[in-house]
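The structure file entry.tsv is reproduced below (TSV, C-alpha atoms and all ligand atoms).
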chain	number	residue	atom	x	y	z
A	1	MET	CA	-42.07	-18.49	-10.00
A	2	GLU	CA	-42.63	-21.64	-8.04
A	3	GLU	CA	-46.22	-22.41	-7.27
A	4	ASP	CA	-45.90	-22.21	-3.50
A	5	SER	CA	-43.99	-18.96	-3.25
A	6	LEU	CA	-44.65	-15.28	-3.81
A	7	LYS	CA	-42.43	-12.43	-4.88
A	8	VAL	CA	-42.65	-8.91	-3.48
A	9	ILE	CA	-40.89	-5.69	-4.36
A	10	ILE	CA	-39.61	-3.69	-1.41
A	11	ARG	CA	-38.85	0.01	-1.56
A	12	THR	CA	-36.86	1.58	1.24
A	13	PHE	CA	-36.52	5.29	1.92
A	14	ALA	CA	-34.10	7.80	3.43
A	15	THR	CA	-31.75	6.33	6.05
A	16	LEU	CA	-33.04	2.81	5.29
A	17	ARG	CA	-32.16	3.24	1.63
A	18	GLU	CA	-28.59	3.84	2.74
A	19	ILE	CA	-28.55	0.53	4.59
A	20	PHE	CA	-29.61	-1.40	1.50
A	21	GLY	CA	-27.72	0.80	-0.94
A	22	GLY	CA	-28.42	1.78	-4.52
A	23	THR	CA	-31.99	2.72	-5.26
A	24	GLY	CA	-33.15	0.94	-2.12
A	25	VAL	CA	-35.26	-1.49	-4.10
A	26	LEU	CA	-35.16	-5.18	-3.13
A	27	TYR	CA	-36.96	-8.22	-4.42
A	28	LEU	CA	-37.80	-10.96	-2.02
A	29	GLU	CA	-39.28	-14.41	-2.52
A	30	LEU	CA	-41.38	-15.72	0.33
A	31	PRO	CA	-43.54	-18.80	0.91
A	32	GLU	CA	-47.19	-18.52	-0.07
A	33	GLY	CA	-49.27	-17.05	2.76
A	34	SER	CA	-46.42	-14.97	4.23
A	35	THR	CA	-47.18	-11.87	6.25
A	36	ILE	CA	-45.29	-8.63	6.90
A	37	GLU	CA	-43.94	-10.24	10.05
A	38	ASP	CA	-42.51	-13.11	7.96
A	39	LEU	CA	-41.03	-10.60	5.56
A	40	LEU	CA	-39.35	-8.73	8.41
A	41	ARG	CA	-37.96	-12.02	9.74
A	42	GLU	CA	-36.56	-12.85	6.31
A	43	LEU	CA	-35.02	-9.38	5.95
A	44	ARG	CA	-33.36	-9.72	9.34
A	45	LYS	CA	-32.02	-13.12	8.31
A	46	GLN	CA	-30.54	-11.70	5.11
A	47	TYR	CA	-29.44	-8.26	6.32
A	48	GLY	CA	-29.27	-8.95	10.04
A	49	SER	CA	-26.18	-7.02	11.04
A	50	LYS	CA	-27.23	-3.99	9.01
A	51	LEU	CA	-30.74	-4.01	10.38
A	52	ASP	CA	-29.76	-4.51	13.97
A	53	VAL	CA	-29.32	-0.79	14.26
A	54	GLY	CA	-32.99	-0.93	15.16
A	55	ARG	CA	-34.27	1.21	12.37
A	56	LEU	CA	-36.26	-1.33	10.42
A	57	VAL	CA	-38.28	-3.12	13.03
A	58	GLY	CA	-41.97	-3.70	12.99
A	59	GLU	CA	-42.22	-2.38	16.51
A	60	ASN	CA	-40.94	1.09	15.59
A	61	PRO	CA	-44.08	3.17	14.94
A	62	ASN	CA	-42.01	5.91	13.32
A	63	VAL	CA	-41.32	3.72	10.29
A	64	LYS	CA	-44.44	3.58	8.14
A	65	ILE	CA	-44.86	0.21	6.46
A	66	LEU	CA	-47.02	0.32	3.34
A	67	VAL	CA	-48.44	-2.52	1.28
A	68	ASN	CA	-49.49	-1.29	-2.15
A	69	GLY	CA	-49.53	2.26	-0.80
A	70	ARG	CA	-51.66	1.55	2.30
A	71	GLU	CA	-50.23	1.69	5.78
A	72	ILE	CA	-50.41	-1.71	7.49
A	73	THR	CA	-51.91	-0.15	10.65
A	74	TYR	CA	-55.10	0.17	8.59
A	75	LEU	CA	-54.75	-3.34	7.12
A	76	ASP	CA	-53.90	-6.20	9.46
A	77	GLY	CA	-50.76	-4.74	10.99
A	78	LEU	CA	-47.77	-7.06	11.06
A	79	GLY	CA	-50.17	-9.89	10.23
A	80	THR	CA	-51.02	-8.34	6.86
A	81	ARG	CA	-50.92	-11.13	4.26
A	82	LEU	CA	-48.76	-10.62	1.20
A	83	ARG	CA	-49.67	-11.60	-2.32
A	84	ASP	CA	-47.52	-12.20	-5.34
A	85	GLY	CA	-46.50	-8.90	-6.93
A	86	ASP	CA	-47.22	-6.79	-3.85
A	87	SER	CA	-45.22	-3.64	-3.34
A	88	VAL	CA	-43.99	-3.02	0.20
A	89	ALA	CA	-42.52	0.30	1.35
A	90	PHE	CA	-40.57	1.18	4.50
A	91	ILE	CA	-40.67	4.92	5.13
A	92	PRO	CA	-38.81	6.39	8.12
A	93	PRO	CA	-39.31	10.01	9.20
A	94	VAL	CA	-36.81	12.61	8.02
A	95	ALA	CA	-35.85	15.96	9.49
A	96	GLY	CA	-33.76	17.84	6.94
A	97	GLY	CA	-34.66	21.32	5.87
B	98	MET	CA	-68.68	29.36	-15.29
B	99	GLU	CA	-68.02	33.07	-14.90
B	100	ILE	CA	-64.65	34.59	-15.75
B	101	GLN	CA	-64.17	37.76	-13.78
B	102	SER	CA	-62.94	40.70	-15.81
B	103	PRO	CA	-60.14	43.03	-14.70
B	104	SER	CA	-62.73	45.79	-14.32
B	105	TYR	CA	-64.64	43.60	-11.89
B	106	HIS	CA	-61.48	43.29	-9.83
B	107	ARG	CA	-60.85	47.02	-10.13
B	108	SER	CA	-64.21	48.07	-8.75
B	109	LEU	CA	-64.09	45.54	-5.92
B	110	ALA	CA	-60.48	46.35	-5.14
B	111	ASP	CA	-61.31	50.05	-4.80
B	112	LYS	CA	-63.75	49.17	-2.08
B	113	LEU	CA	-61.34	46.84	-0.38
B	114	ASN	CA	-58.07	48.73	-0.35
B	115	LEU	CA	-55.87	47.13	-2.96
B	116	SER	CA	-53.74	49.63	-4.86
B	117	SER	CA	-53.50	49.45	-8.64
B	118	GLU	CA	-49.89	48.37	-8.18
B	119	GLU	CA	-51.01	45.47	-6.02
B	120	LEU	CA	-53.65	44.56	-8.58
B	121	GLU	CA	-50.96	44.39	-11.22
B	122	ARG	CA	-48.48	42.55	-9.01
B	123	TYR	CA	-51.02	39.86	-8.13
B	124	ASP	CA	-52.77	39.85	-11.51
B	125	ARG	CA	-51.96	36.25	-12.44
B	126	GLN	CA	-53.18	34.77	-9.17
B	127	LEU	CA	-56.25	37.02	-9.20
B	128	ARG	CA	-57.13	35.31	-12.47
B	129	LEU	CA	-57.13	31.91	-10.79
B	130	LEU	CA	-60.60	30.42	-10.65
B	131	GLY	CA	-62.09	30.92	-7.19
B	132	PHE	CA	-59.26	33.19	-6.00
B	133	GLY	CA	-60.20	36.78	-6.73
B	134	VAL	CA	-59.79	39.93	-4.67
B	135	GLU	CA	-61.28	38.30	-1.57
B	136	SER	CA	-58.47	35.74	-1.43
B	137	GLN	CA	-55.87	38.43	-2.03
B	138	LEU	CA	-57.24	40.39	0.89
B	139	LYS	CA	-57.15	37.30	3.09
B	140	LEU	CA	-53.48	36.94	2.22
B	141	LYS	CA	-52.89	40.63	2.86
B	142	ARG	CA	-54.48	40.36	6.30
B	143	SER	CA	-52.59	37.16	7.16
B	144	ARG	CA	-49.60	36.94	9.47
B	145	VAL	CA	-47.31	34.01	8.84
B	146	LEU	CA	-44.37	32.68	10.86
B	147	VAL	CA	-41.69	30.75	8.96
B	148	VAL	CA	-39.36	28.85	11.25
B	149	GLY	CA	-36.02	28.27	9.56
B	150	VAL	CA	-34.76	29.99	6.42
B	151	GLY	CA	-32.54	27.26	5.01
B	152	GLY	CA	-33.40	25.11	2.02
B	153	LEU	CA	-37.15	24.84	2.70
B	154	GLY	CA	-37.45	28.34	4.11
B	155	SER	CA	-35.64	29.96	1.16
B	156	VAL	CA	-38.32	28.81	-1.22
B	157	ALA	CA	-41.34	28.96	1.10
B	158	THR	CA	-40.59	32.60	2.02
B	159	LEU	CA	-40.00	33.58	-1.62
B	160	TYR	CA	-43.44	32.32	-2.60
B	161	LEU	CA	-45.20	33.63	0.49
B	162	ALA	CA	-43.66	37.07	0.05
B	163	SER	CA	-44.48	37.16	-3.64
B	164	ALA	CA	-48.04	35.94	-2.99
B	165	GLY	CA	-48.57	38.93	-0.71
B	166	VAL	CA	-48.97	37.67	2.87
B	167	GLY	CA	-49.40	40.77	5.03
B	168	LEU	CA	-46.78	39.92	7.63
B	169	LEU	CA	-43.92	37.50	7.16
B	170	ARG	CA	-42.10	36.75	10.40
B	171	MET	CA	-38.93	34.70	10.01
B	172	VAL	CA	-36.85	33.12	12.71
B	173	ASP	CA	-33.44	31.50	12.28
B	174	TYR	CA	-30.20	31.67	14.22
B	175	GLY	CA	-27.76	30.65	11.50
B	176	ASP	CA	-25.35	32.55	9.29
B	177	VAL	CA	-24.98	31.89	5.57
B	178	GLU	CA	-22.27	29.31	4.78
B	179	LEU	CA	-20.79	28.23	1.47
B	180	SER	CA	-22.17	24.71	1.92
B	181	ASN	CA	-25.70	26.21	2.08
B	182	LEU	CA	-25.59	27.48	-1.47
B	183	ASN	CA	-26.41	24.22	-3.28
B	184	ARG	CA	-30.00	24.59	-2.06
B	185	GLN	CA	-30.64	27.80	-0.09
B	186	ILE	CA	-31.51	29.91	-3.08
B	187	LEU	CA	-32.32	33.09	-1.16
B	188	TYR	CA	-28.60	33.70	-0.70
B	189	THR	CA	-25.61	34.53	-2.87
B	190	MET	CA	-21.86	34.83	-2.25
B	191	ILE	CA	-22.30	38.33	-0.92
B	192	ASP	CA	-24.32	36.94	2.01
B	193	LEU	CA	-21.61	34.56	3.27
B	194	GLY	CA	-21.09	34.99	7.00
B	195	ARG	CA	-24.16	37.17	7.42
B	196	PRO	CA	-27.19	36.23	9.51
B	197	LYS	CA	-29.64	34.37	7.28
B	198	VAL	CA	-32.73	36.22	8.50
B	199	GLU	CA	-31.12	39.58	7.71
B	200	SER	CA	-30.11	38.64	4.17
B	201	ALA	CA	-33.47	36.96	3.66
B	202	ALA	CA	-35.41	40.00	4.88
B	203	LYS	CA	-33.47	42.34	2.60
B	204	HIS	CA	-33.98	40.16	-0.44
B	205	LEU	CA	-37.67	39.50	0.21
B	206	GLN	CA	-38.42	43.15	0.94
B	207	LYS	CA	-36.90	44.06	-2.43
B	208	LEU	CA	-39.05	41.40	-4.05
B	209	ASN	CA	-42.23	42.71	-2.44
B	210	PRO	CA	-42.18	46.11	-0.70
B	211	GLU	CA	-45.93	45.86	-0.04
B	212	ILE	CA	-45.55	43.35	2.80
B	213	LYS	CA	-44.24	43.67	6.32
B	214	ILE	CA	-41.24	41.52	7.20
B	215	GLU	CA	-39.91	40.67	10.64
B	216	ALA	CA	-36.49	39.02	10.92
B	217	ILE	CA	-35.74	37.40	14.26
B	218	ARG	CA	-32.27	36.01	14.77
B	219	GLU	CA	-32.97	33.43	17.42
B	220	ARG	CA	-33.19	29.72	17.94
B	221	LEU	CA	-36.76	28.58	18.58
B	222	THR	CA	-36.93	27.13	22.09
B	223	GLU	CA	-39.55	26.21	24.66
B	224	GLU	CA	-38.86	29.59	26.23
B	225	ASN	CA	-39.49	31.82	23.21
B	226	VAL	CA	-41.94	29.77	21.14
B	227	GLU	CA	-45.07	31.43	22.58
B	228	GLU	CA	-43.74	34.89	21.87
B	229	LEU	CA	-42.76	33.91	18.32
B	230	LEU	CA	-46.24	32.49	17.72
B	231	SER	CA	-48.08	35.45	19.17
B	232	GLY	CA	-50.17	37.32	16.64
B	233	VAL	CA	-49.61	34.90	13.76
B	234	ASP	CA	-52.34	33.00	11.93
B	235	LEU	CA	-50.28	30.21	10.45
B	236	VAL	CA	-46.84	28.63	10.88
B	237	VAL	CA	-44.55	27.03	8.31
B	238	ASP	CA	-42.07	24.42	9.55
B	239	CYS	CA	-38.83	24.82	7.60
B	240	LEU	CA	-36.64	23.42	10.37
B	241	ASP	CA	-33.79	20.96	10.08
B	242	ASN	CA	-34.17	18.77	13.18
B	243	PHE	CA	-36.81	16.78	15.04
B	244	ARG	CA	-36.26	18.31	18.47
B	245	THR	CA	-37.21	21.87	17.49
B	246	ARG	CA	-40.05	20.59	15.29
B	247	PHE	CA	-41.65	18.91	18.28
B	248	ILE	CA	-41.41	22.11	20.36
B	249	LEU	CA	-43.06	24.00	17.50
B	250	ASN	CA	-45.70	21.30	16.94
B	251	ASP	CA	-46.66	21.15	20.60
B	252	ALA	CA	-47.05	24.93	20.84
B	253	CYS	CA	-49.02	25.14	17.58
B	254	VAL	CA	-51.44	22.41	18.68
B	255	GLU	CA	-51.85	23.99	22.10
B	256	HIS	CA	-52.56	27.43	20.63
B	257	GLY	CA	-54.61	26.17	17.68
B	258	LYS	CA	-52.27	27.49	14.99
B	259	PRO	CA	-52.23	25.69	11.63
B	260	LEU	CA	-48.76	24.27	10.97
B	261	ILE	CA	-47.42	23.27	7.57
B	262	HIS	CA	-44.83	20.53	8.08
B	263	GLY	CA	-42.15	19.93	5.50
B	264	ALA	CA	-38.92	17.94	5.66
B	265	ILE	CA	-36.36	16.50	3.30
B	266	TYR	CA	-33.59	13.93	3.12
B	267	GLY	CA	-31.38	13.26	0.11
B	268	ALA	CA	-33.69	13.20	-2.88
B	269	GLU	CA	-36.83	12.74	-0.77
B	270	GLY	CA	-39.41	15.06	0.65
B	271	ARG	CA	-42.25	14.93	3.19
B	272	LEU	CA	-45.22	17.23	3.63
B	273	MET	CA	-48.22	17.28	5.97
B	274	THR	CA	-50.63	20.03	6.91
B	275	ILE	CA	-51.52	20.10	10.58
B	276	ILE	CA	-54.75	21.78	11.63
B	277	PRO	CA	-55.04	21.37	15.40
B	278	GLY	CA	-58.29	19.72	16.40
B	279	LYS	CA	-58.99	18.65	12.85
B	280	GLY	CA	-56.25	16.19	11.96
B	281	PRO	CA	-53.15	14.46	13.28
B	282	CYS	CA	-50.11	16.37	14.50
B	283	LEU	CA	-46.40	15.71	14.13
B	284	ARG	CA	-46.35	13.53	17.25
B	285	CYS	CA	-49.23	11.46	15.88
B	286	LEU	CA	-47.09	10.93	12.77
B	287	ILE	CA	-43.83	10.37	14.65
B	288	PRO	CA	-44.68	8.94	18.08
B	289	ARG	CA	-41.08	8.36	19.15
B	290	GLU	CA	-38.27	10.90	19.25
B	291	PRO	CA	-36.00	9.73	16.43
B	292	ALA	CA	-32.23	10.05	16.36
B	293	GLU	CA	-30.99	13.36	14.99
B	294	HIS	CA	-28.63	13.45	12.01
B	295	ASP	CA	-26.11	16.19	11.43
B	296	LYS	CA	-25.07	17.23	7.91
B	297	ILE	CA	-27.54	15.10	6.00
B	298	PRO	CA	-27.34	14.61	2.24
B	299	VAL	CA	-29.54	16.96	0.18
B	300	LEU	CA	-30.10	17.32	-3.52
B	301	GLY	CA	-30.92	21.03	-4.00
B	302	PRO	CA	-34.23	20.81	-5.88
B	303	LEU	CA	-35.86	18.72	-3.12
B	304	PRO	CA	-36.13	21.47	-0.50
B	305	GLY	CA	-37.23	23.66	-3.42
B	306	ILE	CA	-40.10	21.32	-4.26
B	307	VAL	CA	-41.17	20.83	-0.66
B	308	GLY	CA	-40.73	24.52	0.25
B	309	ALA	CA	-42.93	25.46	-2.71
B	310	LEU	CA	-45.55	22.91	-1.63
B	311	GLU	CA	-45.46	24.33	1.90
B	312	ALA	CA	-46.15	27.82	0.51
B	313	LEU	CA	-48.98	26.35	-1.58
B	314	GLU	CA	-50.52	24.69	1.48
B	315	ALA	CA	-50.17	27.92	3.47
B	316	ILE	CA	-51.92	29.90	0.73
B	317	LYS	CA	-54.71	27.28	0.59
B	318	VAL	CA	-55.28	27.31	4.34
B	319	ILE	CA	-55.27	31.13	4.49
B	320	THR	CA	-57.64	31.59	1.55
B	321	GLY	CA	-59.77	28.49	2.12
B	322	LEU	CA	-59.09	27.29	-1.41
B	323	GLY	CA	-58.74	23.63	-2.32
B	324	GLU	CA	-58.07	20.73	0.00
B	325	PRO	CA	-55.04	20.98	2.28
B	326	ALA	CA	-53.13	17.76	3.08
B	327	ILE	CA	-54.75	17.27	6.50
B	328	GLY	CA	-54.22	13.70	7.71
B	329	LYS	CA	-52.15	12.98	4.64
B	330	LEU	CA	-48.42	12.52	4.58
B	331	ILE	CA	-47.07	13.29	1.14
B	332	VAL	CA	-43.85	11.39	0.46
B	333	ILE	CA	-41.84	12.45	-2.58
B	334	ASP	CA	-39.18	10.21	-4.05
B	335	GLY	CA	-37.16	12.40	-6.39
B	336	MET	CA	-35.21	9.42	-7.70
B	337	ASP	CA	-38.13	7.91	-9.61
B	338	LEU	CA	-40.41	10.94	-9.26
B	339	SER	CA	-43.05	9.06	-7.27
B	340	PHE	CA	-45.48	10.90	-5.03
B	341	TYR	CA	-47.11	8.82	-2.29
B	342	THR	CA	-50.08	9.97	-0.25
B	343	ILE	CA	-50.27	8.11	3.05
B	344	GLU	CA	-53.30	8.34	5.28
B	345	ILE	CA	-52.30	9.33	8.82
B	346	ARG	CA	-54.84	9.25	11.63
B	347	ARG	CA	-54.77	10.97	14.96
B	348	ASN	CA	-53.04	8.84	17.57
B	349	PRO	CA	-55.48	8.41	20.48
B	350	ASP	CA	-52.46	8.27	22.79
B	351	CYS	CA	-50.84	11.41	21.38
B	352	PRO	CA	-49.69	13.38	24.42
B	353	VAL	CA	-50.27	16.70	22.64
B	354	CYS	CA	-53.56	16.15	20.79
B	355	ARG	CA	-55.05	14.55	23.89
B	356	LYS	CA	-55.02	17.93	25.61
B	357	ILE	CA	-57.24	19.71	23.09
B	358	LYS	CA	-60.84	19.43	21.98
B	359	ILE	CA	-61.17	17.40	18.81
B	360	GLU	CA	-63.64	18.19	16.03
B	361	GLU	CA	-65.56	15.18	14.84
B	362	GLY	CA	-65.54	14.12	11.21
C	401	ZN	ZN	-51.04	14.51	17.89
Take the structure in the file and write it out as structure tokens.
Amino acid sequence: MEEDSLKVIIRTFATLREIFGGTGVLYLELPEGSTIEDLLRELRKQYGSKLDVGRLVGENPNVKILVNGREITYLDGLGTRLRDGDSVAFIPPVAGG
Amino acid sequence: MEIQSPSYHRSLADKLNLSSEELERYDRQLRLLGFGVESQLKLKRSRVLVVGVGGLGSVATLYLASAGVGLLRMVDYGDVELSNLNRQILYTMIDLGRPKVESAAKHLQKLNPEIKIEAIRERLTEENVEELLSGVDLVVDCLDNFRTRFILNDACVEHGKPLIHGAIYGAEGRLMTIIPGKGPCLRCLIPREPAEHDKIPVLGPLPGIVGALEALEAIKVITGLGEPAIGKLIVIDGMDLSFYTIEIRRNPDCPVCRKIKIEEG
């Protein structure tokens, strides 16, 4: 890893997993000091057309965003700083029964 | 730590109206530490509404009936279809085309003749939800869409009925126990009405796992045992067998919770 970047693992769930395919696990390299907001911007850059369906947006309160298992609402929201090796999860609600 | 002997149960049960057949039927759970005859009687006196008898409801009702809830009221409008049988384990080929609640009631009554079963072949709506809730102590959400879940959630919060929420998608599950006035509700968890999906993918064991957990939560709330998942969303990823517990707080702007008195702490 370069000194001025960090790598995070991203796990997506349910309908989001279908957008990214496979097991829904992505690895992303970001500049040191990046936040969730930066991560979302990078994801939109890379997967833009797929994400424009409006399901993975930081403004959608239905999608729980977790950093290392904690919801970002109880951290620093979209401004939550990421560290190398962090695990980020995007969990949308589901309704099957 | 004291292990209660069968004779202890026998003498207490005599006083409290459990037949020797019931004592035998529930023997293994009566042996559970902290359960005992008192918990069995709480179950026997309890009246539970299960909304939906599909994948979740198949398993939740099997465990609630076998655990000995006094009244099991089930509501579902659907008929049994072939595409149900990869997950809706209450039904067999002989039930195809029959109303689910009728087949379910027959099967569950054979499993446990000690309990009372009510089968209601209706869709839960804003119009009938109050009537369906009347007289029940606890509700289990085994529905398959957001819209009806919100109707049920709103009515449960308004009437102070504990609601066990379960849902699935693909190889994933979700579970949260809602105790009105004590923790967040479904609208606190899902503030916006999400898009509905028809014919979603489902791997059979997932509704089994979540339905069983819903029955477990219901038994805990009824008996007072353990710690129900209040303010905790349990997310199950069957693909790597990860269980996540996510803290969910009450939304101060929740249009439903705002109407009721909230317990502190
Ligand atoms: Zn609420």
Give me, as CSV, the closest atom pair and its distance (Å, one decimal) for every residue of chain A within a cut-off of 8 Å of chain B, counting only C-alpha atoms, rows sorted by chain and rising number.
residue,atom,partner,partner_atom,distance
A:Phe13,CA,B:Glu269,CA,7.9
A:Ala14,CA,B:Tyr266,CA,6.2
A:Thr23,CA,B:Met336,CA,7.8
A:Pro61,CA,B:Pro288,CA,6.6
A:Asn62,CA,B:Ile287,CA,5.0
A:Gly69,CA,B:Ile343,CA,7.0
A:Arg70,CA,B:Ile343,CA,6.7
A:Glu71,CA,B:Ile343,CA,7.0
A:Pro93,CA,B:Ile287,CA,7.1
A:Val94,CA,B:Tyr266,CA,6.0
A:Ala95,CA,B:Asn242,CA,4.9
A:Gly96,CA,B:Asp241,CA,4.4
A:Gly97,CA,B:Asp241,CA,4.3
Neighbours of Ala315 of chain B within 8 Å (all atoms listed in the file; same-chain residues fewer than 3 positions away dropped), as a list in words? Leu235, Val237, Ile261, Glu311, Ala312, Val318 and Ile319 of chain B
With C-alpha atoms retained, export the selected residues as a PDB file, in the coordinates of the input.
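New file out11.pdb:
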ATOM      1  CA  LEU B 235     -50.280  30.210  10.450  1.00  0.00           C
ATOM      2  CA  VAL B 237     -44.550  27.030   8.310  1.00  0.00           C
ATOM      3  CA  ILE B 261     -47.420  23.270   7.570  1.00  0.00           C
ATOM      4  CA  GLU B 311     -45.460  24.330   1.900  1.00  0.00           C
ATOM      5  CA  ALA B 312     -46.150  27.820   0.510  1.00  0.00           C
ATOM      6  CA  VAL B 318     -55.280  27.310   4.340  1.00  0.00           C
ATOM      7  CA  ILE B 319     -55.270  31.130   4.490  1.00  0.00           C
TER       8      ILE B 319
END
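Considering only C-alpha atoms and all ligand atoms, every residue of the polymer chains approaching ligand ZN 401 (chain C) to 10 Å or closer is listed here: Asn250, Asp251, Val254, Ile275, Pro277, Gly278, Gly280, Pro281, Cys282, Leu283, Arg284, Cys285, Leu286, Ile287, Pro288, Arg346, Arg347, Asn348, Pro349, Asp350, Cys351, Pro352, Val353, Cys354, Arg355, Lys356 and Ile357 of chain B.
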Segment 197-204 of chain B: which residues within 7 Å, counting only C-alpha atoms, same-chain residues fewer than 3 positions away excluded, as a CSV table (one decimal) with C-alpha atoms, keeping the file's coordinate frame?
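Dumped to part-v3.csv:
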chain,number,residue,atom,x,y,z
B,150,VAL,CA,-34.8,30.0,6.4
B,171,MET,CA,-38.9,34.7,10.0
B,172,VAL,CA,-36.8,33.1,12.7
B,173,ASP,CA,-33.4,31.5,12.3
B,175,GLY,CA,-27.8,30.6,11.5
B,176,ASP,CA,-25.4,32.6,9.3
B,177,VAL,CA,-25.0,31.9,5.6
B,187,LEU,CA,-32.3,33.1,-1.2
B,192,ASP,CA,-24.3,36.9,2.0
B,207,LYS,CA,-36.9,44.1,-2.4
B,208,LEU,CA,-39.0,41.4,-4.0
B,214,ILE,CA,-41.2,41.5,7.2
B,216,ALA,CA,-36.5,39.0,10.9
B,217,ILE,CA,-35.7,37.4,14.3
B,218,ARG,CA,-32.3,36.0,14.8
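Across the model, the gap from atom CA of Thr245 of chain B to atom CA of Tyr160 of chain B is 23.5 Å.
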Determine, counting all atoms listed in the file, every residue of protein, DNA or RNA that lies within 8 Å of (-48.7, -12.3, -5.7) in the file coordinates, then give the result as a list in words. Leu6, Lys7, Val8, Leu82, Arg83, Asp84, Gly85 and Asp86 of chain A
All residues 6 Å or closer to Val63 of chain A, only C-alpha atoms, same chain fewer than 3 positions away omitted, as a ChimeraX atom specification: /A:60,91-92
Between atom CA of Leu30 of chain A and atom CA of Gln46 of chain A - distance in Å to one decimal: 12.5 Å
What is the atom CA of Ala164 of chain B-atom CA of Ile276 of chain B distance in Å, reported with one decimal? 21.4 Å
Could you check the closest approach to Ile65 of chain A for each of A:Thr80, A:Gly48, A:Phe90, A:Arg41 and tell me which residue wins, using only C-alpha atoms? A:Phe90
Find, counting all atoms listed in the file, the residue in A:Tyr47, A:Ser34, A:Ile10, A:Phe20 that gets nearest to Leu66 of chain A. A:Ile10
Because the input lacks atoms here, generate N, CA and C atoms for segment 280-295 of chain B and report them as an mmCIF file, in the frame of the given file.
data_model
loop_
_atom_site.group_PDB
_atom_site.id
_atom_site.type_symbol
_atom_site.label_atom_id
_atom_site.label_comp_id
_atom_site.auth_asym_id
_atom_site.auth_seq_id
_atom_site.Cartn_x
_atom_site.Cartn_y
_atom_site.Cartn_z
ATOM 1 N N GLY B 280 -57.004 17.323 12.502
ATOM 2 C CA GLY B 280 -56.250 16.190 11.960
ATOM 3 C C GLY B 280 -55.080 15.869 12.866
ATOM 4 N N PRO B 281 -54.286 14.863 12.469
ATOM 5 C CA PRO B 281 -53.150 14.460 13.280
ATOM 6 C C PRO B 281 -52.061 15.524 13.325
ATOM 7 N N CYS B 282 -51.229 15.445 14.366
ATOM 8 C CA CYS B 282 -50.110 16.370 14.500
ATOM 9 C C CYS B 282 -48.809 15.622 14.234
ATOM 10 N N LEU B 283 -47.702 16.318 14.412
ATOM 11 C CA LEU B 283 -46.400 15.710 14.130
ATOM 12 C C LEU B 283 -46.091 14.543 15.067
ATOM 13 N N ARG B 284 -46.605 14.628 16.305
ATOM 14 C CA ARG B 284 -46.350 13.530 17.250
ATOM 15 C C ARG B 284 -47.251 12.327 16.967
ATOM 16 N N CYS B 285 -48.398 12.575 16.336
ATOM 17 C CA CYS B 285 -49.230 11.460 15.880
ATOM 18 C C CYS B 285 -48.497 10.720 14.763
ATOM 19 N N LEU B 286 -47.826 11.500 13.910
ATOM 20 C CA LEU B 286 -47.090 10.930 12.770
ATOM 21 C C LEU B 286 -45.804 10.250 13.230
ATOM 22 N N ILE B 287 -45.120 10.887 14.172
ATOM 23 C CA ILE B 287 -43.830 10.370 14.650
ATOM 24 C C ILE B 287 -43.918 10.229 16.174
ATOM 25 N N PRO B 288 -44.419 9.079 16.649
ATOM 26 C CA PRO B 288 -44.680 8.940 18.080
ATOM 27 C C PRO B 288 -43.423 8.904 18.948
ATOM 28 N N ARG B 289 -42.314 8.444 18.359
ATOM 29 C CA ARG B 289 -41.080 8.360 19.150
ATOM 30 C C ARG B 289 -40.097 9.420 18.714
ATOM 31 N N GLU B 290 -39.284 9.914 19.647
ATOM 32 C CA GLU B 290 -38.270 10.900 19.250
ATOM 33 C C GLU B 290 -37.171 10.157 18.491
ATOM 34 N N PRO B 291 -37.020 10.441 17.199
ATOM 35 C CA PRO B 291 -36.000 9.730 16.430
ATOM 36 C C PRO B 291 -34.614 10.317 16.674
ATOM 37 N N ALA B 292 -33.609 9.551 16.269
ATOM 38 C CA ALA B 292 -32.230 10.050 16.360
ATOM 39 C C ALA B 292 -32.060 11.225 15.411
ATOM 40 N N GLU B 293 -31.257 12.199 15.849
ATOM 41 C CA GLU B 293 -30.990 13.360 14.990
ATOM 42 C C GLU B 293 -29.782 13.055 14.106
ATOM 43 N N HIS B 294 -29.773 13.616 12.902
ATOM 44 C CA HIS B 294 -28.630 13.450 12.010
ATOM 45 C C HIS B 294 -28.073 14.811 11.664
ATOM 46 N N ASP B 295 -26.762 14.941 11.778
ATOM 47 C CA ASP B 295 -26.110 16.190 11.430
ATOM 48 C C ASP B 295 -25.635 16.088 9.983
#
